[in-house]
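Asker: Mind having a look at this structure? Questions to follow.
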Amino acid sequence: MPEFSRRQFLTAGAGVTLAVAMSGCASPIVTSFTGGQPKTADVIYWHLFGGGDGANMATMVKQFQESSGESVESTLLSWGNPFYTKLSLAASSGRPPDVTISHLSRLPLLAQAGLLEPIGDQFSAEGVTKAKFTPAAWDKATVDGTTYAVPLDTHPFVLFYNIALAEKAGLLDPTGENLKPMKNADDFVAALQAMKDANGLDYAAVASITADPSTCWRFFLMIYSGVAGPIVTDLGTKVTIDRSAMEETFAFMRSLTQEKALLPGNATATTSSTLFSQGRVGFLFDGVWQIPTYRGIEGLDFNVVPFPALLGPDPVAYADSHSLVVPRSSGRSAARTQNSVRFVKGLLDQSSIWADGGHVPAWLPVQKSKEFLELKPQSNYTEAAFNAVYDPVAWYTGAGSDFQTAMGSVIASVLTGGTDPTSGVDAMTTSLEAFSTARPPV
């Protein structure tokens, strides 16, 4: 596997300049770049959570402070590439925060660049061990045999459905809330057709397939991963697509929007939320983080479940995970490191609060707790966290990356009917070859 230096990671993970990253001139963040991070609290914590997730995280941090007596300086940074640029700059300078967030899809490059502390004995002493986490998330947190992150959650791509419309279509089991089991693509397509026909709908389902390339990418990789392995390997330098499996995936996806007209071929995020919230479609394909969007809408009674197996024999869920990491810093004292470990453990123990945003807790003591098992619909799709497939490992992949935009744009063209499956494979191959042979920007 190719080696990756700190400098290469620093330049690769961003697409924004140092000047942009330091634009908030007088903030404590900038002092970390210039060598003087203030020790204003027992734990310095950076995260990227706004909205409802931000409110939940603020509650968790506050409760930790109250229960532990330790102070936490919590700083919100911009989501996506800007966040990872600032983190890598700070870690490279030796003045990082004590604890920060990383998507597990971004973790391998942080670890291979030497920017993270391993999750070692100090965490084990607090009971933070492999056996207490969702296996797929812990495996993704482990790079070349060493674990570098503590998974906080799994947030999969899932199947939302309108309970009333599903009942009218005869799709519910005797509970009156849960979908009848679907074993394969035929069952899935039949359920979509029944939803459309029984309710007189223009479409059975909707997904954001033109405005949001990342949604297209999640939908595609979930299906493709049921029949094939990673599309790139060797840290993204080798294209390893299965052309037949990819063409089959494109053909199946296109049949839903074109030949069978079960999904609109042209939909924005606004279109998707409008159609589902108004009961004009029965299914929504989206991430669990959308649960707060639809919760409380008058007249909308919905549920959420994992996707069934589609082209392969077993169910697969595209997913990512938020994780807690300790950036490497030679100047961090043993006491501050211990504070960081206690803080991470404190957030894990409160992850039922975090689950309110739709996330599946990765910490099994919470995931198996009565409190979480009674939380609906979150506890309905826990299985998806165990069937998770993440972005392939490469310097250019991961949450918020240009890679997802490029891949999603090809997929959207297939879904809208502008590109046939064979040409879609050609276009994705060409794009992958460009990524795989590109040098990280200097």
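Residues are named by chain letter and number: chains run A, B, ... in the order of the structure tokens, numbers start at 1 in each chain, and ligands are numbered from 1 in the order shown.
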Each residue of stretch 127-159 of chain A with at least one atom at most 10 Å from stretch 92-101 of chain A should appear once, together with its nearest atom pair and the corresponding distance in Å (one decimal); atoms considered: only C-alpha atoms; ordering: chain, then increasing residue number; output as JSON lines.

Answerer:
{"residue": "A:Ala149", "atom": "CA", "partner": "A:Ile101", "partner_atom": "CA", "distance": 9.1}
{"residue": "A:Val150", "atom": "CA", "partner": "A:Ile101", "partner_atom": "CA", "distance": 9.6}
{"residue": "A:Pro151", "atom": "CA", "partner": "A:Ile101", "partner_atom": "CA", "distance": 9.6}
{"residue": "A:Leu152", "atom": "CA", "partner": "A:Ile101", "partner_atom": "CA", "distance": 9.2}

Asker: Which residues of stretch 105-141 of chain A come within 10 Å of stretch 321-328 of chain A, and what is each one's closest atom pair and distance in Å (one decimal), counting only C-alpha atoms, sorted by chain and residue number, as JSON lines?

Answerer:
{"residue": "A:Ser105", "atom": "CA", "partner": "A:Ser321", "partner_atom": "CA", "distance": 7.5}
{"residue": "A:Arg106", "atom": "CA", "partner": "A:Ser321", "partner_atom": "CA", "distance": 9.8}
{"residue": "A:Leu107", "atom": "CA", "partner": "A:Ser323", "partner_atom": "CA", "distance": 8.8}
{"residue": "A:Leu110", "atom": "CA", "partner": "A:Pro327", "partner_atom": "CA", "distance": 9.0}
{"residue": "A:Ala111", "atom": "CA", "partner": "A:Pro327", "partner_atom": "CA", "distance": 9.4}
{"residue": "A:Gly114", "atom": "CA", "partner": "A:Arg328", "partner_atom": "CA", "distance": 7.5}
{"residue": "A:Leu115", "atom": "CA", "partner": "A:Arg328", "partner_atom": "CA", "distance": 5.3}
{"residue": "A:Leu116", "atom": "CA", "partner": "A:Pro327", "partner_atom": "CA", "distance": 4.3}
{"residue": "A:Glu117", "atom": "CA", "partner": "A:Arg328", "partner_atom": "CA", "distance": 5.0}
{"residue": "A:Pro118", "atom": "CA", "partner": "A:Val326", "partner_atom": "CA", "distance": 8.0}
{"residue": "A:Ile119", "atom": "CA", "partner": "A:Val325", "partner_atom": "CA", "distance": 8.3}
{"residue": "A:Ala136", "atom": "CA", "partner": "A:Ser321", "partner_atom": "CA", "distance": 9.9}
{"residue": "A:Ala137", "atom": "CA", "partner": "A:Ser321", "partner_atom": "CA", "distance": 7.0}
{"residue": "A:Trp138", "atom": "CA", "partner": "A:Ser323", "partner_atom": "CA", "distance": 9.8}
{"residue": "A:Lys140", "atom": "CA", "partner": "A:Ser321", "partner_atom": "CA", "distance": 9.0}
{"residue": "A:Ala141", "atom": "CA", "partner": "A:Ser323", "partner_atom": "CA", "distance": 8.1}

Asker: Residues of the last selection are to be written out with N, CA and C atoms, as a PDB file, in the first residue's frame.

Answerer:
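The resulting file, selection-v9.pdb, is shown below:
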ATOM      1  N   SER A 105     -14.996   7.506   7.086  1.00  0.00           N
ATOM      2  CA  SER A 105     -14.586   7.481   5.683  1.00  0.00           C
ATOM      3  C   SER A 105     -13.355   8.346   5.442  1.00  0.00           C
ATOM      4  N   ARG A 106     -13.065   9.271   6.358  1.00  0.00           N
ATOM      5  CA  ARG A 106     -11.882  10.129   6.242  1.00  0.00           C
ATOM      6  C   ARG A 106     -10.716   9.648   7.099  1.00  0.00           C
ATOM      7  N   LEU A 107     -10.966   8.692   7.957  1.00  0.00           N
ATOM      8  CA  LEU A 107      -9.980   8.309   8.961  1.00  0.00           C
ATOM      9  C   LEU A 107      -8.682   7.724   8.407  1.00  0.00           C
ATOM     10  N   LEU A 110      -5.946  10.278   7.686  1.00  0.00           N
ATOM     11  CA  LEU A 110      -5.470  10.945   8.903  1.00  0.00           C
ATOM     12  C   LEU A 110      -4.498  10.031   9.650  1.00  0.00           C
ATOM     13  N   ALA A 111      -4.870   8.761   9.750  1.00  0.00           N
ATOM     14  CA  ALA A 111      -4.033   7.810  10.481  1.00  0.00           C
ATOM     15  C   ALA A 111      -2.708   7.566   9.766  1.00  0.00           C
ATOM     16  N   GLY A 114       0.026   9.968  10.124  1.00  0.00           N
ATOM     17  CA  GLY A 114       0.634  10.092  11.444  1.00  0.00           C
ATOM     18  C   GLY A 114       0.053  11.205  12.291  1.00  0.00           C
ATOM     19  N   LEU A 115      -1.211  11.577  12.044  1.00  0.00           N
ATOM     20  CA  LEU A 115      -1.815  12.708  12.740  1.00  0.00           C
ATOM     21  C   LEU A 115      -2.683  12.314  13.932  1.00  0.00           C
ATOM     22  N   LEU A 116      -2.813  11.009  14.206  1.00  0.00           N
ATOM     23  CA  LEU A 116      -3.715  10.560  15.263  1.00  0.00           C
ATOM     24  C   LEU A 116      -3.000   9.657  16.257  1.00  0.00           C
ATOM     25  N   GLU A 117      -3.437   9.739  17.511  1.00  0.00           N
ATOM     26  CA  GLU A 117      -2.975   8.810  18.533  1.00  0.00           C
ATOM     27  C   GLU A 117      -3.756   7.500  18.404  1.00  0.00           C
ATOM     28  N   PRO A 118      -3.101   6.368  18.552  1.00  0.00           N
ATOM     29  CA  PRO A 118      -3.835   5.101  18.569  1.00  0.00           C
ATOM     30  C   PRO A 118      -4.759   5.021  19.780  1.00  0.00           C
ATOM     31  N   ILE A 119      -5.821   4.253  19.630  1.00  0.00           N
ATOM     32  CA  ILE A 119      -6.731   3.979  20.742  1.00  0.00           C
ATOM     33  C   ILE A 119      -6.141   2.804  21.504  1.00  0.00           C
ATOM     34  N   ALA A 136     -18.672  -3.482  12.259  1.00  0.00           N
ATOM     35  CA  ALA A 136     -18.310  -2.793  11.013  1.00  0.00           C
ATOM     36  C   ALA A 136     -17.660  -1.442  11.296  1.00  0.00           C
ATOM     37  N   ALA A 137     -18.174  -0.734  12.296  1.00  0.00           N
ATOM     38  CA  ALA A 137     -17.612   0.576  12.629  1.00  0.00           C
ATOM     39  C   ALA A 137     -16.224   0.432  13.248  1.00  0.00           C
ATOM     40  N   TRP A 138     -16.055  -0.522  14.156  1.00  0.00           N
ATOM     41  CA  TRP A 138     -14.738  -0.713  14.772  1.00  0.00           C
ATOM     42  C   TRP A 138     -13.713  -1.129  13.714  1.00  0.00           C
ATOM     43  N   LYS A 140     -13.689  -0.333  10.599  1.00  0.00           N
ATOM     44  CA  LYS A 140     -13.364   0.844   9.794  1.00  0.00           C
ATOM     45  C   LYS A 140     -12.482   1.815  10.571  1.00  0.00           C
ATOM     46  N   ALA A 141     -12.552   1.767  11.891  1.00  0.00           N
ATOM     47  CA  ALA A 141     -11.718   2.625  12.736  1.00  0.00           C
ATOM     48  C   ALA A 141     -10.302   2.076  12.883  1.00  0.00           C
TER      49      ALA A 141
END

Asker: List the neighbours of stretch 346-354 of chain A out to 7 Å using only C-alpha atoms; skip same-chain residues closer than 5 positions along the sequence, and give me the result as a PDB file with C-alpha atoms, in the first residue's frame.

Answerer:
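What ended up in part-v5.pdb:
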ATOM      1  CA  ASN A  56     -27.713  17.242  20.903  1.00  0.00           C
ATOM      2  CA  MET A  57     -23.931  17.445  21.079  1.00  0.00           C
ATOM      3  CA  MET A  60     -23.950  15.837  25.823  1.00  0.00           C
ATOM      4  CA  PHE A  64     -20.340  15.577  30.821  1.00  0.00           C
ATOM      5  CA  LEU A 152     -19.736   7.263  17.989  1.00  0.00           C
ATOM      6  CA  HIS A 359     -27.882   7.876  14.277  1.00  0.00           C
ATOM      7  CA  PRO A 361     -25.111   4.315  18.510  1.00  0.00           C
ATOM      8  CA  TRP A 363     -21.465   1.834  21.611  1.00  0.00           C
ATOM      9  CA  VAL A 366     -26.314   2.045  24.651  1.00  0.00           C
ATOM     10  CA  PHE A 372     -32.574   2.952  22.778  1.00  0.00           C
TER      11      PHE A 372
END

Asker: Name the residues in contact with A:Thr430 at a cut-off of 12 Å, using only C-alpha atoms, excluding same-chain residues fewer than 3 positions from it; report them as a list in words.

Answerer: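 Contacts, in chain order: Val239, Ile241, Ala406, Met407, Val410, Ser423, Gly424, Val425, Asp426, Ala427, Glu433, Ala434, Phe435, Ser436 and Thr437 of chain A.
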
Asker: For a quick check of understanding, using only C-alpha atoms, which of A:Pro108, A:Gly229, A:Gly408, A:Pro440 has the smallest distance to A:Val393?

Answerer: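 Among A:Pro108, A:Gly229, A:Gly408, A:Pro440, it is A:Pro108 that comes nearest to A:Val393.
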
Asker: For A:Glu248, work out the shell of residues within 9 Å, counting only C-alpha atoms and skipping chain neighbours fewer than 6 positions away, then give it as a PyMOL selection string.

Answerer: chain A and resi 224+311+421

Asker: Between A:Phe386, A:Pro377, A:Ile223, A:Asn303, which residue has the minimum interatomic distance to A:Glu247, considering only C-alpha atoms?

Answerer: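 The closest residue to A:Glu247 is A:Ile223.
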
Asker: What lies within 12 Å of A:Asn199 using only C-alpha atoms, ignoring chain neighbours under 5 positions off, as a list in words?

Answerer: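 Result of the neighbour search: Asn162, Ala164, Leu165, Ala166, Glu167, Lys168, Ala169, Gly170, Leu171, Leu192, Gln193, Ala194, Ala204, Gly279, Arg280, Val281 and Gly282 of chain A.
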
Asker: Find the residues around stretch 395-402 of chain A up to 7 Å (only C-alpha atoms counted), leave out those fewer than 5 positions away in its own chain, and share them as a list of chain:residue names.

Answerer: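 Skipping anything fewer than 5 positions along the chain leaves A:Ala12, A:Gly13, A:Gly80, A:Asn81, A:His103, A:Ser105, A:Arg106, A:Leu109, A:Leu235, A:Gly236.
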
Asker: Identify which of the residues A:Ala309, A:Ala261, A:Leu221, A:Val72 lies closest to A:Asn184, counting only C-alpha atoms when measuring atom-to-atom distances.

Answerer: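 Closest residue, counting only C-alpha atoms: A:Ala309.
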
Asker: So that I can check the secondary structure, give me every residue of stretch 286-395 of chain A assigned alpha helix (DSSP H) by backbone DSSP, as JSON, numbers by chain.

Answerer: {"A": [291, 292, 293, 294, 334, 335, 336, 337, 338, 339, 340, 341, 342, 343, 344, 345, 346, 347, 348, 349, 351, 352, 353, 354, 364, 365, 366, 367, 370, 371, 372, 373, 382, 383, 384, 385, 386]}

Asker: So the first atom is atom CA of A:Ala211 and the second is atom CA of A:Tyr161; what is the distance between them in Å, to one decimal place?

Answerer: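 So the two atoms, atom CA of A:Ala211 and atom CA of A:Tyr161, lie 21.5 Å apart.
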
Asker: Give the strand (DSSP E or B) residues of stretch 271-397 of chain A, as assigned by DSSP on the backbone, as a tab-separated table (two decimals) with C-alpha atoms, in the first residue's frame.

Answerer:
chain	number	residue	atom	x	y	z
A	283	PHE	CA	-41.18	5.67	-0.07
A	284	LEU	CA	-38.16	7.92	0.41
A	285	PHE	CA	-34.56	6.80	-0.15
A	286	ASP	CA	-32.32	8.87	2.12
A	287	GLY	CA	-30.04	8.95	5.13
A	302	PHE	CA	-43.74	7.20	8.76
A	303	ASN	CA	-41.35	4.42	9.62
A	304	VAL	CA	-37.78	3.61	8.60
A	305	VAL	CA	-36.16	0.24	7.85
A	317	ALA	CA	-26.28	-0.51	3.74
A	318	TYR	CA	-24.19	2.41	2.51
A	319	ALA	CA	-23.07	4.20	5.64
A	320	ASP	CA	-20.59	6.47	7.31
A	322	HIS	CA	-18.84	9.88	13.15
A	323	SER	CA	-15.96	8.96	15.41
A	324	LEU	CA	-13.98	10.56	18.20
A	325	VAL	CA	-10.22	10.85	17.71
A	327	PRO	CA	-4.95	14.12	17.34
A	360	VAL	CA	-27.39	4.29	15.44
A	361	PRO	CA	-25.11	4.32	18.51
A	363	TRP	CA	-21.47	1.83	21.61
A	388	ALA	CA	-22.48	-1.15	6.52
A	389	VAL	CA	-20.24	-0.49	3.54

Asker: So how far away is atom CA of A:Tyr45 from atom CA of A:Arg336, in Å?

Answerer: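 Taking atom CA of A:Arg336 and atom CA of A:Tyr45, their separation equals 11.9 Å.
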
Asker: One number please: atom CA of A:Ser340 to atom CA of A:Trp289, in Å, one decimal.

Answerer: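 A separation of 26.9 Å between them.
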